[in-house]
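Input: a single structure, listed below in structure tokens.
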Amino acid sequence: MEDLIENEEVQTIGEMLRNARVKQNKTLDEIADELCIRKFYLNAIENMDFANIPPMPYCLGFVRSYAKLLGLNSDRIVASYKQILTGEDEPKQQNTKGEKVSSYPRLKHVIFGILGLVLLAVAWSVLPTTSKFEDVSEESSNVLPKPVIVSEEEEKKVEKKVVAEETEKVKDEKKIETKTKAETDAVADEKQVKDAKEDKDKKVKADEETKATEDKKEEKKAEKAVLPQMKIVLTGPSWLELRQDKKVLLNGVYNKGYKYNVPSEKGLIITVGRPRNVQFYLDEKPVTVATNINRKNISLDKYFKTQD
């Protein structure tokens, strides 16, 4: 029955803090940021998980800060919490038979300790100071020391110190996170700059290649511009055939007055039916290309030597 009552009291304090937090629409993460206390400890306090909360007076400082933030009576909650911890602070051990045994000294042990102190005082006043004093002192070493009583003011000082230490830890963690984020951003910026430089280099290279191609085209155009220009003018009807490899440029009978500008290219072959009716001009100057003797399959490459 006592265990059931204790469990209900424990649940009442944990649920009181949790319900107050939920009513204020706050999460454990938000509480942890505001108090600079780790979420792990706040969760242990709400669940009354004594195995994972820090020892007194650290946990009392956390509980007091938590209760104040939620607008609760922090002194009353801390007092109740402390009372619970006093009864549940030390874990219960098991004897060889599997039964749970409290680790706190029993009443008979305290009585025996007091009797031992009385006997020690009597022996001190009656017996002379001899070598037996060492034996008595050795026996008295087993007597339990007086409990140290910590005032509420000292307890609050320790709580403030604990909260301050926890705050510094959280700040240090945030500094580390900020530094890590800054380093990550610096690496990302460096990569972005590197990628931008590579893109710029690629663009410059592409522009240079494009310019080189354009220059070559211009050079070829310039070369073609200085090549001799050949023109065919018919003074009478004649059959003409002009081909370049397998490509036929002219093929048929053309009448008087027909004019044709011969392309300044290699591999041109011309055949003339009536050479006397066909006049060739090279740069506006008359030139003899076909004769009655030589009028078939005449190569025009020799007239465009500057093309080579």
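Chain labels follow the order of the structure tokens: the first chain is A, the next B, and so on; residue numbering restarts at 1 in every chain, and ligands are counted from 1 in their shown order.
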
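The shell of residues at most 8 Å from Lys256 in chain A, with only C-alpha atoms counted and near chain neighbours (fewer than 6 positions) removed, consists of Leu234, Thr235, Gly236, Pro237 and Asn277 of chain A.
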
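Comparing A:Leu85, A:Leu117, A:Ala20, A:Cys59 by their smallest distance to Asn73 in chain A, the closest is A:Ala20 (using only C-alpha atoms).
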
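For the residues A:Pro228, A:Pro57, A:Gly113, A:Gly252, ranking by smallest atom-to-atom distance to Lys157 in chain A using only C-alpha atoms places A:Pro57 first.
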
### Message
Set the distance at 9 Å and use only C-alpha atoms: which residues neighbour Leu250 in chain A once local chain neighbours fewer than 3 positions away are removed? I'd like the list as JSON, numbers by chain.
### Response
{"A": [240, 241, 242, 243, 270]}
